[in-house]
Amino acid sequence: MNIVSSSPTTAAGAPAPRAGRTVARVPEHTVEIVSDSGEGAQKCGQIFARVSAKMGNGVWTVEIIPAEIQPPARTPASASGNRVRIGTRPVTNWGDHANLVVAFNEQVLLHRHRLDALADDAIILIEDMWAAHDDPDIRLAWSGAMEELGGRAYRFVPVPMEEQCLTVLDNPRRGKNMFALGLLAWIYSRDLDKIRDLIAQEFRKKASALYDTNVALLELGHQWAEEHLDFRIDVPAVASDRPMMVMNGNQAIAIGSIASGMELCAMYPITPATSASHYLSDIFEKFGGIVHQAEDEIAAIGVAVGASFAGRVAFAITSGPGLALKTEFIGLAVMTETPLVIVDVQRGGPSTGLPTKVEQSDLLAAIFGQPGDAPHVVLAPATMEECFLSMTTARRIAEAFRCVVIVLSDANLATGVQPFPRPDVNEHWLAQPPDLSPVAEGLRPYEWDADRGISRRLVPGQPGGMYTATGLSHDEWSHVGYTPDVHERGCVMRSRKLAVFQQMLKPPQVYGDPEGELLVVGWGSTLGAIEEAVDRARAEGLSVSSLHLRFLSPLEPGLKEIFQRFRKVITVEINYSDEPSDPFITPENRRRGQLCWLLRAQTLVDVDCWTRVPGEPLRPASILQGFRDHMPQEVKR
Amino acid sequence: MTEIGGSLLSCGPFEEDREWTMDDYASTLARWCPGCGDHAVLSAVERVLETEQLPPEQTVFVSGIGCASRLPHYLSTYGFHGIHGRALPLATGIKLRRPDLHVFVVMGDGDCCSIGAAHWIHTTRYNPALVALMLDNGVYGLTKNQTSPTSPKGHPSNTQPRGAILPAMNPLAVTLGVTNVSFVAQTGDWIPAHLYETILAAHRHRGFAFVRILQRCPQYTGALFDTAVRDPGLVELLTHPDGVTVPDLDRIYKNQQRHDPADLDAARRLAEPDGKIRLGVFYRNESLPVYDEMRRTPIRSTAEKLALLNEELDRYAV
């Protein structure tokens with residue numbers, strides 16, 4: 001491995017360089033910024049993503065994040081940062097490999113290399129202070145890393161980040177990220193004014209010493225790049241004709257909950273859900289809402305159930321381990337028909353699992369996790385925009401059907417950033433204030449419509465409506481009853497509501513041809529990666545289409561008819577399934593993907609699955625390989 | 001009478017100037033065992049509701065699971081009979097968004113001091129404006145006689161048949177040890193006048209009013225308070241103008257100690273076991289932060305909310 005000069009001969013996917021400075025025009029490019037935890041690479045990536053979105057590029061980001069706050073520096077485990085994939089067209093997933101990397105040291109770079117995150121011809125801008133460091137151990141680590149990295153055709157651009165930053169501030173650990181942002185701003189011709197605005201937003205005001213320092217570092221990086229780099233990358237942007245916004249899924253859930261009119265978010269700190277409540281804590285009160293940080297996950301949902309019972313629909317936000325703890329209260333909300341929204345930002349499990357990394361393995365727990373029969377709605381947004389919209393949808397369903405709605409997001413949506421059309425918030429989204437008007441004498445608290453199971457919700461404060469909600473089996477008066485007729489009727493009524501709701505849903509749309517060889521079914525954050533893989537498969541001549549489900553319980557209608565138009569149906573999911581070829585695995589004992597189980601049970605179609613649990617979002621290239629492996633035998637390539 | 005008022009009257013029981021009587025708060029016949037102390041608590045509660053003239057529709061009784069937690073079913077107010085140990089979070093949620101409601105919590109000793117202990121500690125600290133009645137009979141009754149955290153050492157049960165292994169927990173001392181504790185009282189089901197006055201004082205307190213009610217379970221811990229019931233000499237009443245005073249009791253309960261409920265140190269000393277059963281208000285402080293008051297937020301009109309939302313969305317505009 002040679003450390004080349006500041007002038008790599010070609011940029012990824014770029015035409016051969018002309019004399020002097022080259023500009024490589026590409027339809028998309030994937031950038032990674034990686035540092036030790038605490039050096040701020042994430043902030044750099046976030047601002048780079050946001051400015052790119054503001055300039056009209058398609059954007060998708062993924063956080064690279066360790067579970068600890070500051071693991072030992074200069075170790076692969078310390079790698080922290082962001083992948084930002086930008087494109088001329090909308091970007092729907094994180095892609096396969098990074099084309100350009102800014103690395104603050106060789107160890108964090110090694111981490112990405114070992115995960116096969118970097119393209120063979122990736123350009124790597126790397127802090128060069130380590131090669132000739134005073135500490136012989138560091139020099140040794142550097143040369144060892146370079147040897148390991150040498151197997152690839154990476155092109156290195158040494159950058160004296162620390163040396164440069166020291167001209168502006170004393171502690172470069174706190175400033176390299178803005179210098180790196182300056183480098184990227186020059187390479188990708190980002191609008192410096194827009195970046196300055198974003199930095200100002202970070203510090204809430206422009207006139208501060210912190211702002212001045214950060215802008216000085218940004219400009220320094222920009223200037224250094226201009227003086228030393230002889231390549232630029234141009235990802236043309238197409239300005240949208242619609243007003244657009246850019247935010248991550250947790251921010252979208254937070255503002256979406258306000259736009260839905262909910263006024264109470266009850267939570268207990270858990271990754272990766274907390275950032276939504278951080279944001280809500282900052283802004284909710286001016287809207288008349290509050291975030292209640294409870295003493296534990298159980299108390300959090302208890303407070304939400306109490307507030308909902310009292311007429312103000314509330315939501316609880318958590319992740320898998322928290323969902324498990326909330327189980328008994330979910331049963332109570334179902335039994336008492338108290339409207340409630342629960343957001344589960346899924347992470348890897350079981351147990352503490354992968355706290356900061358994506359997985360879709362709470363699906364069956366969300367649907368079936370409650371002892372006893374506890375019918376409720378489970379839905380899963382697939383994009384940041386859907387995170388926003390799902391909160392109003394969930395609140396409305398919860399109120400109209402007096403039921404529990406679980407919204408399954410995940411770490412990929414939660415921390416990823418994507419531009420989307422600005423929602424037209426309006427008064428119809430907001431919850432109505434509780435109806436406290438008197439009710440006629442004799443109105444029963446569960447006056448179930450015999451066919452539909454739906455009943456009017458009575459709220460404390462309503463004269464004439466007094467009743468005691470109970471988790472015990474009860475009749476229409478909410479009187480405790482243990483006789484077979486009382487219990488069976490209650491079960492039927494609570495279940496019937498879901499059937500009525502299911503009939504209101506539309507059949508999902510197939511992406512690609514409505515019939516063919518292979519149909520791929522997904523749910524949640526994998527939408528973009530699956531559809532990109534479908535596009536590539538079709539370009540290869542494979543007959544592949546996909547279907548993405550938003551409602552998981554009840555399932556959207558018409559699935560069996562759709563499935564029957566394909567020779568084979570598989571699910572693609574980020575959860576565990578046994579490989580059929582593994583030792584001891586037979587069709588009889590094989591454990592399948594979670595949506596796969598569900599679809600098989602519901603449709604009696606022999607649905608197969610391709611699932612992975614890498615602790616990172618699925619890459620289109622690996623999904624595509626999954627398609628190839630699963631093509632019906634006769635047409636397998 | 002306006003049109004709205006007219007429709008209100010036609011709707012049935014709602015009348016603005018109605019006077020509520022104890023009967024108005026009663027519901028179905030209670031299903032507790034004969035001789036169970038819970039009956040006395042129900043009566044005292046109904047008396048308090050009558051005294052305070054709380055409209056049934058503005059009143060919510062929240063409970064957990066256990067014999068005591070059945071109490072809301074026997075009242076005609078709103079009620080939420082929840083799950084074991086979790087009445088306090090439910091009640092906190094109700095009070096947080098509906099400060100206009102009068103919220104009472106009814107729990108047993110297993111409910112409060114065992115499975116719900118975290119909520120007991122933290123609700124004491126949040127100090128929301130709730131009345132919490134902890135009916136302590138020293139046993140799990142509904143599940144048929146298991147040792148509870150407040151079972152006296154040596155008391156046999158189905159789970160510790162050779163007697164409770166550990167000394168009983170002291171709920172008063174625990175509550176008095178929590179930061180921001182604002183009201184702690186103890187009373188007994190066998191002294192109805194004291195029971196009533198104590199619940200009344202709890203309701204009038206600004207903040208979280210924790211009342212431990214020593215409650216007899218004739219089925220499993222019948223002997224627990226027997227000696228105290230038979231021998232008033234074992235009982236010491238804490239009296240003070242700021243606490244609970246029941247003049248009629250002077251003749252029977254001659255052991256009285258004047259205790260200023262403002263004195264937390266003294267309250268903690270009096271809560272330590274020394275063979276006496278002390279009834280009265282141990283501690284009361286209305287100058288502490290009350291969670292639901294601290295968390296009040298402005299009520300925004302739809303137009304205001306939409307304007308603020310659009311302002312917030314502007315921050316993310318591309």
# chains A, B, ... in the order shown; residues from 1 in each chain; ligands from 1
call {"tool": "interface_residues", "arguments": {"of": "chain B", "to": "chain A", "cutoff": "8 Å", "atoms": "only C-alpha atoms", "output": "PyMOL selection string"}}
result
chain B and resi 8+11-14+56-60+72-73+76-83+86+89-98+101+118-119+122+295+297-300+302-303+305-306+308-310+313+316-318
call {"tool": "residues_around", "arguments": {"residues": "Val131 of chain B", "least_positions_apart": "2", "cutoff": "9 Å", "atoms": "only C-alpha atoms", "output": "mmCIF file with C-alpha atoms, in the first residue's frame"}}
result
data_model
loop_
_atom_site.group_PDB
_atom_site.id
_atom_site.type_symbol
_atom_site.label_atom_id
_atom_site.label_comp_id
_atom_site.auth_asym_id
_atom_site.auth_seq_id
_atom_site.Cartn_x
_atom_site.Cartn_y
_atom_site.Cartn_z
ATOM 1 C CA HIS B 102 -60.186 14.070 42.125
ATOM 2 C CA VAL B 103 -58.047 10.976 42.004
ATOM 3 C CA PHE B 104 -57.817 8.352 44.756
ATOM 4 C CA VAL B 105 -55.644 5.257 44.700
ATOM 5 C CA VAL B 106 -56.426 2.070 46.595
ATOM 6 C CA PRO B 128 -48.747 14.386 42.466
ATOM 7 C CA ALA B 129 -52.013 15.540 43.991
ATOM 8 C CA LEU B 133 -54.799 4.453 50.534
ATOM 9 C CA ILE B 199 -58.836 10.083 54.661
ATOM 10 C CA ALA B 202 -55.442 13.245 53.011
ATOM 11 C CA HIS B 203 -57.932 14.499 50.462
ATOM 12 C CA HIS B 205 -53.720 17.859 51.371
ATOM 13 C CA GLY B 207 -49.785 16.806 47.021
ATOM 14 C CA PHE B 208 -49.356 13.066 47.378
ATOM 15 C CA ALA B 209 -51.119 11.880 50.531
ATOM 16 C CA PHE B 210 -49.999 8.425 51.602
ATOM 17 C CA VAL B 211 -52.256 6.747 54.162
#
call {"tool": "residues_around", "arguments": {"residues": "segment 284-288 of chain B", "least_positions_apart": "4", "cutoff": "6 Å", "atoms": "only C-alpha atoms", "output": "PyMOL selection string"}}
result
chain B and resi 182-183+206+261-262
call {"tool": "atom_distance", "arguments": {"atom1": "atom CA of Trp32 of chain B", "atom2": "atom CA of Val229 of chain B"}}
result
20.2 Å
call {"tool": "atom_distance", "arguments": {"atom1": "atom CA of Glu386 of chain A", "atom2": "atom CA of Asn250 of chain A"}}
result
11.2 Å
call {"tool": "atom_distance", "arguments": {"atom1": "atom CA of Tyr511 of chain A", "atom2": "atom CA of Ile570 of chain A"}}
result
14.3 Å
call {"tool": "residues_around", "arguments": {"residues": "Asp193 of chain A", "least_positions_apart": "6", "cutoff": "12 Å", "atoms": "only C-alpha atoms", "output": "PyMOL selection string"}}
result
chain A and resi 51+54-55+182+185+199-200+215+218-219
call {"tool": "select_by_dssp", "arguments": {"residues": "segment 132-202 of chain B", "states": "strand (DSSP E or B)", "output": "list in words"}}
result
Ala132, Leu133, Met134, Leu135, Asp136, Val139, Tyr140, Gln146, Thr147, Phe183, Val184, Ala185, Gln186, Thr187 and Gly188 of chain B
call {"tool": "write_last_selection", "arguments": {"atoms": "N, CA and C atoms", "output": "PDB file, in the first residue's frame"}}
result
ATOM      1  N   ALA B 132     -53.451   8.299  48.285  1.00  0.00           N
ATOM      2  CA  ALA B 132     -53.125   6.881  48.159  1.00  0.00           C
ATOM      3  C   ALA B 132     -53.478   6.168  49.456  1.00  0.00           C
ATOM      4  N   LEU B 133     -54.413   5.243  49.366  1.00  0.00           N
ATOM      5  CA  LEU B 133     -54.799   4.453  50.534  1.00  0.00           C
ATOM      6  C   LEU B 133     -54.154   3.084  50.407  1.00  0.00           C
ATOM      7  N   MET B 134     -53.251   2.773  51.352  1.00  0.00           N
ATOM      8  CA  MET B 134     -52.606   1.469  51.315  1.00  0.00           C
ATOM      9  C   MET B 134     -53.215   0.614  52.427  1.00  0.00           C
ATOM     10  N   LEU B 135     -54.041  -0.336  52.034  1.00  0.00           N
ATOM     11  CA  LEU B 135     -54.747  -1.184  52.992  1.00  0.00           C
ATOM     12  C   LEU B 135     -53.832  -2.348  53.340  1.00  0.00           C
ATOM     13  N   ASP B 136     -53.278  -2.281  54.551  1.00  0.00           N
ATOM     14  CA  ASP B 136     -52.210  -3.201  54.936  1.00  0.00           C
ATOM     15  C   ASP B 136     -52.736  -4.258  55.901  1.00  0.00           C
ATOM     16  N   VAL B 139     -50.747  -9.583  54.482  1.00  0.00           N
ATOM     17  CA  VAL B 139     -50.845 -10.890  53.827  1.00  0.00           C
ATOM     18  C   VAL B 139     -51.381 -10.709  52.407  1.00  0.00           C
ATOM     19  N   TYR B 140     -51.037 -11.676  51.534  1.00  0.00           N
ATOM     20  CA  TYR B 140     -51.702 -11.749  50.238  1.00  0.00           C
ATOM     21  C   TYR B 140     -52.976 -12.550  50.456  1.00  0.00           C
ATOM     22  N   GLN B 146     -50.366 -15.836  51.262  1.00  0.00           N
ATOM     23  CA  GLN B 146     -48.909 -15.887  51.128  1.00  0.00           C
ATOM     24  C   GLN B 146     -48.286 -14.754  51.950  1.00  0.00           C
ATOM     25  N   THR B 147     -47.039 -14.929  52.319  1.00  0.00           N
ATOM     26  CA  THR B 147     -46.342 -13.924  53.104  1.00  0.00           C
ATOM     27  C   THR B 147     -46.193 -12.637  52.292  1.00  0.00           C
ATOM     28  N   PHE B 183     -46.954  13.909  52.664  1.00  0.00           N
ATOM     29  CA  PHE B 183     -48.020  13.574  53.616  1.00  0.00           C
ATOM     30  C   PHE B 183     -47.974  12.087  53.914  1.00  0.00           C
ATOM     31  N   VAL B 184     -47.812  11.765  55.195  1.00  0.00           N
ATOM     32  CA  VAL B 184     -47.820  10.360  55.608  1.00  0.00           C
ATOM     33  C   VAL B 184     -48.687  10.232  56.846  1.00  0.00           C
ATOM     34  N   ALA B 185     -49.657   9.345  56.775  1.00  0.00           N
ATOM     35  CA  ALA B 185     -50.523   9.138  57.939  1.00  0.00           C
ATOM     36  C   ALA B 185     -50.776   7.652  58.106  1.00  0.00           C
ATOM     37  N   GLN B 186     -51.188   7.282  59.332  1.00  0.00           N
ATOM     38  CA  GLN B 186     -51.577   5.892  59.591  1.00  0.00           C
ATOM     39  C   GLN B 186     -52.879   5.886  60.366  1.00  0.00           C
ATOM     40  N   THR B 187     -53.748   4.956  59.991  1.00  0.00           N
ATOM     41  CA  THR B 187     -55.009   4.816  60.720  1.00  0.00           C
ATOM     42  C   THR B 187     -55.367   3.328  60.735  1.00  0.00           C
ATOM     43  N   GLY B 188     -56.476   2.997  61.393  1.00  0.00           N
ATOM     44  CA  GLY B 188     -56.862   1.591  61.505  1.00  0.00           C
ATOM     45  C   GLY B 188     -58.318   1.404  61.154  1.00  0.00           C
TER      46      GLY B 188
END
call {"tool": "residues_around", "arguments": {"residues": "Asp344 of chain A", "least_positions_apart": "6", "cutoff": "9 Å", "atoms": "only C-alpha atoms", "output": "ChimeraX atom specification"}}
result
/A:273,316-320,322-323,362,366,406-410
call {"tool": "residues_around", "arguments": {"residues": "segment 551-568 of chain A", "least_positions_apart": "5", "cutoff": "9 Å", "atoms": "only C-alpha atoms", "output": "ChimeraX atom specification"}}
result
/A:363,367,375-381,498-499,501-503,505-508,510,514-520,523,545,595,598-599,602-608,630-632
call {"tool": "closest_residue", "arguments": {"among": "B:Pro167, B:Pro289, B:Pro55, B:Gly233", "to": "Arg125 of chain B", "atoms": "only C-alpha atoms"}}
result
B:Pro289
call {"tool": "closest_residue", "arguments": {"among": "B:Thr227, B:Thr21, B:Thr198, B:Thr143", "to": "Ile213 of chain B", "atoms": "only C-alpha atoms"}}
result
B:Thr198
call {"tool": "residues_around", "arguments": {"residues": "segment 165-172 of chain A", "least_positions_apart": "3", "cutoff": "12 Å", "atoms": "only C-alpha atoms", "output": "PDB file with C-alpha atoms, in the first residue's frame"}}
result
ATOM      1  CA  GLY A  38     -16.578  11.861  20.845  1.00  0.00           C
ATOM      2  CA  GLU A  39     -14.719  13.431  17.932  1.00  0.00           C
ATOM      3  CA  GLY A  40     -17.924  14.525  16.282  1.00  0.00           C
ATOM      4  CA  PHE A 104      -9.740  10.448  11.717  1.00  0.00           C
ATOM      5  CA  GLU A 127      -5.493  12.085   9.227  1.00  0.00           C
ATOM      6  CA  VAL A 159      -4.598  15.191   5.376  1.00  0.00           C
ATOM      7  CA  PRO A 160      -2.867  17.040   8.251  1.00  0.00           C
ATOM      8  CA  MET A 161      -6.127  17.527  10.113  1.00  0.00           C
ATOM      9  CA  GLU A 162      -4.691  17.998  13.571  1.00  0.00           C
ATOM     10  CA  GLY A 175     -12.793  20.551  15.955  1.00  0.00           C
ATOM     11  CA  LYS A 176     -11.662  18.049  13.364  1.00  0.00           C
ATOM     12  CA  ASN A 177     -15.246  17.299  12.467  1.00  0.00           C
ATOM     13  CA  MET A 178     -15.848  20.811  11.178  1.00  0.00           C
ATOM     14  CA  PHE A 179     -12.540  20.772   9.335  1.00  0.00           C
ATOM     15  CA  ALA A 180     -13.635  17.506   7.710  1.00  0.00           C
ATOM     16  CA  GLY A 182     -14.992  21.848   5.087  1.00  0.00           C
ATOM     17  CA  ALA A 209     -17.747  31.899  20.289  1.00  0.00           C
ATOM     18  CA  LEU A 210     -18.613  28.278  19.585  1.00  0.00           C
ATOM     19  CA  ASP A 212     -17.268  31.356  15.287  1.00  0.00           C
ATOM     20  CA  THR A 213     -14.771  28.575  16.005  1.00  0.00           C
ATOM     21  CA  ASN A 214     -16.785  25.988  14.124  1.00  0.00           C
ATOM     22  CA  VAL A 215     -17.181  28.219  11.103  1.00  0.00           C
ATOM     23  CA  ALA A 216     -13.472  29.060  11.153  1.00  0.00           C
ATOM     24  CA  LEU A 217     -12.663  25.333  11.080  1.00  0.00           C
ATOM     25  CA  LEU A 218     -15.159  24.735   8.287  1.00  0.00           C
ATOM     26  CA  GLU A 219     -13.558  27.467   6.212  1.00  0.00           C
ATOM     27  CA  LEU A 220     -10.092  26.182   7.028  1.00  0.00           C
ATOM     28  CA  GLY A 221     -10.980  22.703   5.749  1.00  0.00           C
ATOM     29  CA  TRP A 224      -7.084  23.394   2.581  1.00  0.00           C
TER      30      TRP A 224
END
call {"tool": "decode", "arguments": {"residues": "segment 576-605 of chain A", "atoms": "N, CA and C atoms", "output": "PDB file, in the first residue's frame"}}
result
ATOM      1  N   TYR A 576     -33.766 -13.192  12.458  1.00  0.00           N
ATOM      2  CA  TYR A 576     -33.093 -14.479  12.303  1.00  0.00           C
ATOM      3  C   TYR A 576     -33.989 -15.530  11.662  1.00  0.00           C
ATOM      4  N   SER A 577     -33.386 -16.310  10.780  1.00  0.00           N
ATOM      5  CA  SER A 577     -34.033 -17.552  10.338  1.00  0.00           C
ATOM      6  C   SER A 577     -32.941 -18.580  10.088  1.00  0.00           C
ATOM      7  N   ASP A 578     -33.291 -19.849  10.250  1.00  0.00           N
ATOM      8  CA  ASP A 578     -32.330 -20.919   9.967  1.00  0.00           C
ATOM      9  C   ASP A 578     -32.120 -21.035   8.462  1.00  0.00           C
ATOM     10  N   GLU A 579     -30.886 -21.283   8.085  1.00  0.00           N
ATOM     11  CA  GLU A 579     -30.598 -21.575   6.680  1.00  0.00           C
ATOM     12  C   GLU A 579     -30.981 -23.029   6.414  1.00  0.00           C
ATOM     13  N   PRO A 580     -31.733 -23.278   5.353  1.00  0.00           N
ATOM     14  CA  PRO A 580     -32.167 -24.656   5.085  1.00  0.00           C
ATOM     15  C   PRO A 580     -30.982 -25.614   4.936  1.00  0.00           C
ATOM     16  N   SER A 581     -29.814 -25.091   4.504  1.00  0.00           N
ATOM     17  CA  SER A 581     -28.673 -25.964   4.267  1.00  0.00           C
ATOM     18  C   SER A 581     -27.855 -26.220   5.536  1.00  0.00           C
ATOM     19  N   ASP A 582     -28.202 -25.567   6.639  1.00  0.00           N
ATOM     20  CA  ASP A 582     -27.406 -25.736   7.863  1.00  0.00           C
ATOM     21  C   ASP A 582     -27.625 -27.117   8.489  1.00  0.00           C
ATOM     22  N   PRO A 583     -26.628 -27.581   9.269  1.00  0.00           N
ATOM     23  CA  PRO A 583     -26.765 -28.895   9.918  1.00  0.00           C
ATOM     24  C   PRO A 583     -28.040 -28.961  10.760  1.00  0.00           C
ATOM     25  N   PHE A 584     -28.676 -30.091  10.730  1.00  0.00           N
ATOM     26  CA  PHE A 584     -29.870 -30.390  11.527  1.00  0.00           C
ATOM     27  C   PHE A 584     -31.135 -29.679  11.052  1.00  0.00           C
ATOM     28  N   ILE A 585     -31.006 -28.748  10.115  1.00  0.00           N
ATOM     29  CA  ILE A 585     -32.184 -27.979   9.720  1.00  0.00           C
ATOM     30  C   ILE A 585     -32.988 -28.748   8.682  1.00  0.00           C
ATOM     31  N   THR A 586     -34.240 -28.948   9.011  1.00  0.00           N
ATOM     32  CA  THR A 586     -35.162 -29.619   8.089  1.00  0.00           C
ATOM     33  C   THR A 586     -36.359 -28.694   7.893  1.00  0.00           C
ATOM     34  N   PRO A 587     -37.170 -28.957   6.869  1.00  0.00           N
ATOM     35  CA  PRO A 587     -38.368 -28.125   6.701  1.00  0.00           C
ATOM     36  C   PRO A 587     -39.251 -28.170   7.945  1.00  0.00           C
ATOM     37  N   GLU A 588     -39.146 -29.248   8.702  1.00  0.00           N
ATOM     38  CA  GLU A 588     -40.008 -29.405   9.873  1.00  0.00           C
ATOM     39  C   GLU A 588     -39.548 -28.558  11.053  1.00  0.00           C
ATOM     40  N   ASN A 589     -38.217 -28.466  11.230  1.00  0.00           N
ATOM     41  CA  ASN A 589     -37.741 -27.733  12.418  1.00  0.00           C
ATOM     42  C   ASN A 589     -37.199 -26.345  12.082  1.00  0.00           C
ATOM     43  N   ARG A 590     -37.220 -26.004  10.814  1.00  0.00           N
ATOM     44  CA  ARG A 590     -36.624 -24.719  10.435  1.00  0.00           C
ATOM     45  C   ARG A 590     -37.389 -23.548  11.056  1.00  0.00           C
ATOM     46  N   ARG A 591     -36.641 -22.643  11.684  1.00  0.00           N
ATOM     47  CA  ARG A 591     -37.237 -21.422  12.232  1.00  0.00           C
ATOM     48  C   ARG A 591     -37.110 -20.341  11.158  1.00  0.00           C
ATOM     49  N   ARG A 592     -38.201 -19.696  10.876  1.00  0.00           N
ATOM     50  CA  ARG A 592     -38.270 -18.800   9.728  1.00  0.00           C
ATOM     51  C   ARG A 592     -38.306 -17.334  10.150  1.00  0.00           C
ATOM     52  N   GLY A 593     -38.205 -16.468   9.155  1.00  0.00           N
ATOM     53  CA  GLY A 593     -38.332 -15.039   9.410  1.00  0.00           C
ATOM     54  C   GLY A 593     -39.706 -14.729   9.989  1.00  0.00           C
ATOM     55  N   GLN A 594     -39.804 -13.632  10.717  1.00  0.00           N
ATOM     56  CA  GLN A 594     -41.029 -13.394  11.483  1.00  0.00           C
ATOM     57  C   GLN A 594     -42.227 -13.090  10.600  1.00  0.00           C
ATOM     58  N   LEU A 595     -42.034 -12.266   9.573  1.00  0.00           N
ATOM     59  CA  LEU A 595     -43.158 -12.022   8.659  1.00  0.00           C
ATOM     60  C   LEU A 595     -43.489 -13.306   7.897  1.00  0.00           C
ATOM     61  N   CYS A 596     -42.455 -14.094   7.620  1.00  0.00           N
ATOM     62  CA  CYS A 596     -42.647 -15.361   6.911  1.00  0.00           C
ATOM     63  C   CYS A 596     -43.602 -16.272   7.684  1.00  0.00           C
ATOM     64  N   TRP A 597     -43.359 -16.419   8.979  1.00  0.00           N
ATOM     65  CA  TRP A 597     -44.272 -17.230   9.811  1.00  0.00           C
ATOM     66  C   TRP A 597     -45.709 -16.743   9.635  1.00  0.00           C
ATOM     67  N   LEU A 598     -45.827 -15.428   9.713  1.00  0.00           N
ATOM     68  CA  LEU A 598     -47.145 -14.816   9.712  1.00  0.00           C
ATOM     69  C   LEU A 598     -47.866 -15.070   8.391  1.00  0.00           C
ATOM     70  N   LEU A 599     -47.119 -14.880   7.283  1.00  0.00           N
ATOM     71  CA  LEU A 599     -47.741 -15.015   5.972  1.00  0.00           C
ATOM     72  C   LEU A 599     -48.107 -16.472   5.688  1.00  0.00           C
ATOM     73  N   ARG A 600     -47.244 -17.368   6.125  1.00  0.00           N
ATOM     74  CA  ARG A 600     -47.550 -18.793   5.933  1.00  0.00           C
ATOM     75  C   ARG A 600     -48.829 -19.159   6.677  1.00  0.00           C
ATOM     76  N   ALA A 601     -48.912 -18.696   7.921  1.00  0.00           N
ATOM     77  CA  ALA A 601     -50.077 -19.036   8.728  1.00  0.00           C
ATOM     78  C   ALA A 601     -51.349 -18.425   8.144  1.00  0.00           C
ATOM     79  N   GLN A 602     -51.230 -17.213   7.654  1.00  0.00           N
ATOM     80  CA  GLN A 602     -52.422 -16.487   7.236  1.00  0.00           C
ATOM     81  C   GLN A 602     -52.886 -16.869   5.830  1.00  0.00           C
ATOM     82  N   THR A 603     -51.927 -17.238   4.961  1.00  0.00           N
ATOM     83  CA  THR A 603     -52.322 -17.474   3.558  1.00  0.00           C
ATOM     84  C   THR A 603     -52.228 -18.939   3.146  1.00  0.00           C
ATOM     85  N   LEU A 604     -51.587 -19.782   3.946  1.00  0.00           N
ATOM     86  CA  LEU A 604     -51.319 -21.182   3.585  1.00  0.00           C
ATOM     87  C   LEU A 604     -50.509 -21.292   2.296  1.00  0.00           C
ATOM     88  N   VAL A 605     -49.825 -20.207   1.943  1.00  0.00           N
ATOM     89  CA  VAL A 605     -48.906 -20.253   0.808  1.00  0.00           C
ATOM     90  C   VAL A 605     -47.539 -20.624   1.368  1.00  0.00           C
TER      91      VAL A 605
END
